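Asker: Below: one structure in structure tokens.
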Amino acid sequence: MQTPVERTARDVIHDLRAFTNPERRASTLGYFPSAMENLGVAVPDIRRVLKATRQLVREWSDVDVHDLARAIVAQGTLEGRQLAYELIASRKSLLHSLRKADVLRLGEGMDNWVSVDVFSCSIAGQLWRERALPDAELLRWARSRDRWWRRAALASTIPLNLASRGGKGDVERTLLVCERLAADREEMVAKALSWALRTLVPISAVTVETFLAEYEDELAARVLREVRNKLHTGRKNGPRT
């Protein structure tokens with residue numbers, strides 16, 4: 001017999017399936033390939049189900065909501081995992097109760113950039129910014145053989161520097177991770193390094209220019225091009241023509 005948490009997790013996935021768009025699913029299978037099931041649900045529809053889920057569990061304890069999020073992740077869908085991460089992030093008392101082991105369990109099985117980026121920006125980076133995750137843990141991710149954990153280390157710098165994610169700027173900790181991965185040529189990691197540095201530009205453009213000069217021989221061409229475009233034009237891909 002299923003528990004209330006398990007039944008609710010099943011119902012959440014059922015509600016997401018109601019928004020399946022076959023065309024979106026077909027177009028995104030190659031955009032973020034994953035072993036997880038791609039339901040083909042657009043972000044606004046994920047947010048609709050998230051809103052309904054938040055309302056449903058508003059009287060639940062943090063422990064039960066945490067268990068629900070993990071049960072949703074265990075259902076094995078891309079969209080369910082995204083919803084689960086955002087469900088946790090939306091309940092601040094739950095988010096800030098998480099410990100390192102909880103964060104690592106939530107990240108288990110990440111195998112695509114969407115899951116990694118939502119995990120990093122909504123959970124890991126938030127906790128790191130508040131020093132609930134130590135620098136040493138993010139540096140451990142940066143040394144991982146798993147490209148997705150290396151990407152997570154870089155994507156977790158975004159909440160340090162992006163105002164819409166609560167960031168006020170943290171040059172030191174951003175560079176702490178960027179320096180470790182400057183020479184990483186794995187595409188998903190290089191893209192995240194570019195993102196991290198471009199997000200740092202409004203905080204300290206001089207710091208980013210210095211970083212590019214110091215690591216120019218190690219950085220992927222993509223990183224140099226996109227970050228220089230951001231520095232000189234304010235856009236990743238340069239000015240519109």
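Letters A, B, ... go to the chains of the structure tokens in the order shown; residues in each chain start at 1; ligands are counted from 1 in the same order.
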Using DSSP secondary structure from the backbone, list all helix (DSSP H, G or I) positions within stretch 141-236 of chain A, as a VMD selection string.
Answerer: chain A and resid 141 to 142 147 to 155 158 to 161 163 to 165 171 to 180 187 to 200 205 to 214 221 to 233
Asker: Identify, on the basis of only C-alpha atoms, every residue whose closest approach to A:Lys191 does not exceed 9 Å; exclude the query and any residue fewer than 5 positions from it along the same chain; express the result as a ChimeraX atom specification.
Answerer: /A:151,186,196,222-223
Asker: What is the distance, in Å and to one decimal place, between atom CA of A:Arg70 and atom CA of A:Glu108?
Answerer: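 Distance reported for this atom pair: 10.4 Å.
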Asker: Between A:Ala221, A:Ala124, A:Val65, A:Ala153, which one has atoms that come closest to A:Arg185, using only C-alpha atoms?
Answerer: A:Ala221
Asker: Pick from A:Ser164, A:Ile88, A:Val189, A:Ala183: nearest to A:Asp117, with only C-alpha atoms counted?
Answerer: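 Closest to A:Asp117 of all the choices is A:Val189.
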Asker: Write out as a PDB file with all heavy atoms, in the first residue's frame the residues lying within 6 Å of A:Leu160, counting only C-alpha atoms and excluding same-chain residues fewer than 4 positions away.
Answerer:
ATOM      1  N   ARG A 129      25.844  30.065  -0.691  1.00  0.00           N
ATOM      2  CA  ARG A 129      25.921  31.511  -0.461  1.00  0.00           C
ATOM      3  C   ARG A 129      25.772  31.831   1.029  1.00  0.00           C
ATOM      4  O   ARG A 129      26.443  32.722   1.558  1.00  0.00           O
ATOM      5  CB  ARG A 129      24.831  32.243  -1.254  1.00  0.00           C
ATOM      6  CG  ARG A 129      24.969  33.767  -1.205  1.00  0.00           C
ATOM      7  CD  ARG A 129      23.806  34.462  -1.873  1.00  0.00           C
ATOM      8  NE  ARG A 129      22.563  34.195  -1.180  1.00  0.00           N
ATOM      9  CZ  ARG A 129      21.461  33.745  -1.773  1.00  0.00           C
ATOM     10  NH1 ARG A 129      21.448  33.505  -3.070  1.00  0.00           N
ATOM     11  NH2 ARG A 129      20.365  33.533  -1.067  1.00  0.00           N
ATOM     12  N   GLY A 167      21.717  37.072  -4.976  1.00  0.00           N
ATOM     13  CA  GLY A 167      23.148  37.352  -4.869  1.00  0.00           C
ATOM     14  C   GLY A 167      23.464  38.835  -4.744  1.00  0.00           C
ATOM     15  O   GLY A 167      22.799  39.676  -5.347  1.00  0.00           O
ATOM     16  N   GLY A 169      27.011  39.504  -4.774  1.00  0.00           N
ATOM     17  CA  GLY A 169      28.379  39.526  -5.278  1.00  0.00           C
ATOM     18  C   GLY A 169      29.352  38.841  -4.342  1.00  0.00           C
ATOM     19  O   GLY A 169      29.410  39.166  -3.157  1.00  0.00           O
ATOM     20  N   ASP A 170      30.075  37.889  -4.881  1.00  0.00           N
ATOM     21  CA  ASP A 170      31.109  37.189  -4.106  1.00  0.00           C
ATOM     22  C   ASP A 170      32.209  36.770  -5.078  1.00  0.00           C
ATOM     23  O   ASP A 170      32.211  35.653  -5.593  1.00  0.00           O
ATOM     24  CB  ASP A 170      30.517  35.976  -3.395  1.00  0.00           C
ATOM     25  CG  ASP A 170      31.467  35.381  -2.353  1.00  0.00           C
ATOM     26  OD1 ASP A 170      32.694  35.440  -2.581  1.00  0.00           O
ATOM     27  OD2 ASP A 170      30.981  34.869  -1.332  1.00  0.00           O
TER      28      ASP A 170
END
Asker: Could you tell me which of A:Ala69, A:Ser90, A:Leu29, A:Ala35 comes closest to A:Lys51 if we count only C-alpha atoms?
Answerer: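 Of A:Ala69, A:Ser90, A:Leu29, A:Ala35, the one nearest A:Lys51, counting only C-alpha atoms, is A:Ser90.
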Asker: For A:Leu181, list every protein, DNA or RNA residue within 12 Å, evaluated using only C-alpha atoms, and leave out those in the same chain fewer than 6 positions away; present the list as a count of residues only.
Answerer: 32
Asker: Using only C-alpha atoms, which protein or nucleic acid residues come within 12 Å of A:Glu216? Drop anything in the same chain fewer than 5 positions from it, and give the result as a short mmCIF file (atom, residue, chain, number, x, y, z; two decimals) with N, CA and C atoms, in the first residue's frame.
Answerer:
data_model
loop_
_atom_site.label_atom_id
_atom_site.label_comp_id
_atom_site.auth_asym_id
_atom_site.auth_seq_id
_atom_site.Cartn_x
_atom_site.Cartn_y
_atom_site.Cartn_z
N GLU A 179 38.69 29.00 -11.09
CA GLU A 179 40.11 28.69 -11.27
C GLU A 179 40.34 27.19 -11.37
N ALA A 182 39.20 26.08 -15.01
CA ALA A 182 39.56 26.92 -16.15
C ALA A 182 39.99 26.09 -17.36
N ALA A 183 40.65 24.98 -17.12
CA ALA A 183 41.19 24.19 -18.23
C ALA A 183 40.27 23.05 -18.66
N VAL A 208 37.08 39.96 -14.00
CA VAL A 208 36.86 39.00 -15.08
C VAL A 208 37.90 39.21 -16.18
N GLU A 209 38.20 40.44 -16.53
CA GLU A 209 39.22 40.71 -17.55
C GLU A 209 40.57 40.15 -17.10
N THR A 210 40.90 40.32 -15.84
CA THR A 210 42.16 39.80 -15.31
C THR A 210 42.19 38.29 -15.37
N PHE A 211 41.06 37.65 -15.04
CA PHE A 211 40.96 36.20 -15.10
C PHE A 211 41.20 35.70 -16.52
N ALA A 221 37.85 28.07 -26.22
CA ALA A 221 37.57 29.20 -27.11
C ALA A 221 36.19 29.78 -26.85
N ARG A 222 35.22 28.92 -26.56
CA ARG A 222 33.86 29.38 -26.26
C ARG A 222 33.85 30.35 -25.08
N VAL A 223 34.59 29.99 -24.05
CA VAL A 223 34.61 30.83 -22.84
C VAL A 223 35.21 32.19 -23.16
N LEU A 224 36.34 32.20 -23.85
CA LEU A 224 36.98 33.46 -24.20
C LEU A 224 36.05 34.33 -25.05
N ARG A 225 35.43 33.72 -26.05
CA ARG A 225 34.58 34.48 -26.96
C ARG A 225 33.36 35.05 -26.26
N VAL A 227 32.65 35.44 -23.00
CA VAL A 227 32.90 36.36 -21.89
C VAL A 227 33.43 37.70 -22.40
N ARG A 228 34.27 37.66 -23.42
CA ARG A 228 34.73 38.93 -24.01
C ARG A 228 33.58 39.68 -24.65
#
Asker: Quick one: everything within 8 Å of A:Pro159, counting only C-alpha atoms, minus sequence neighbours fewer than 2 positions away in the same chain. Send it as a VMD selection string.
Answerer: chain A and resid 121 125 to 126 129 156 to 157 161 to 163 165 to 167
Asker: Got a sec: who's within 7 Å of A:Asn21, counting only C-alpha atoms, leaving out chain neighbours fewer than 4 positions off, as a ChimeraX atom specification?
Answerer: /A:25,40-41
Asker: What is the distance, in Å and to one decimal place, between atom CA of A:Thr3 and atom CA of A:Glu59?
Answerer: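 The value is 17.0 Å.
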Asker: Hey, can you check how far atom CA of A:Asp146 sits from atom CA of A:Val116?
Answerer: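 Interatomic distance, atom CA of A:Asp146 to atom CA of A:Val116: 11.8 Å.
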Asker: Just checking: using only C-alpha atoms, which residue out of A:Leu133, A:Leu83, A:Val114, A:Ala9 ends up closest to A:Leu98?
Answerer: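 Under the stated criterion, the closest residue is A:Leu133.
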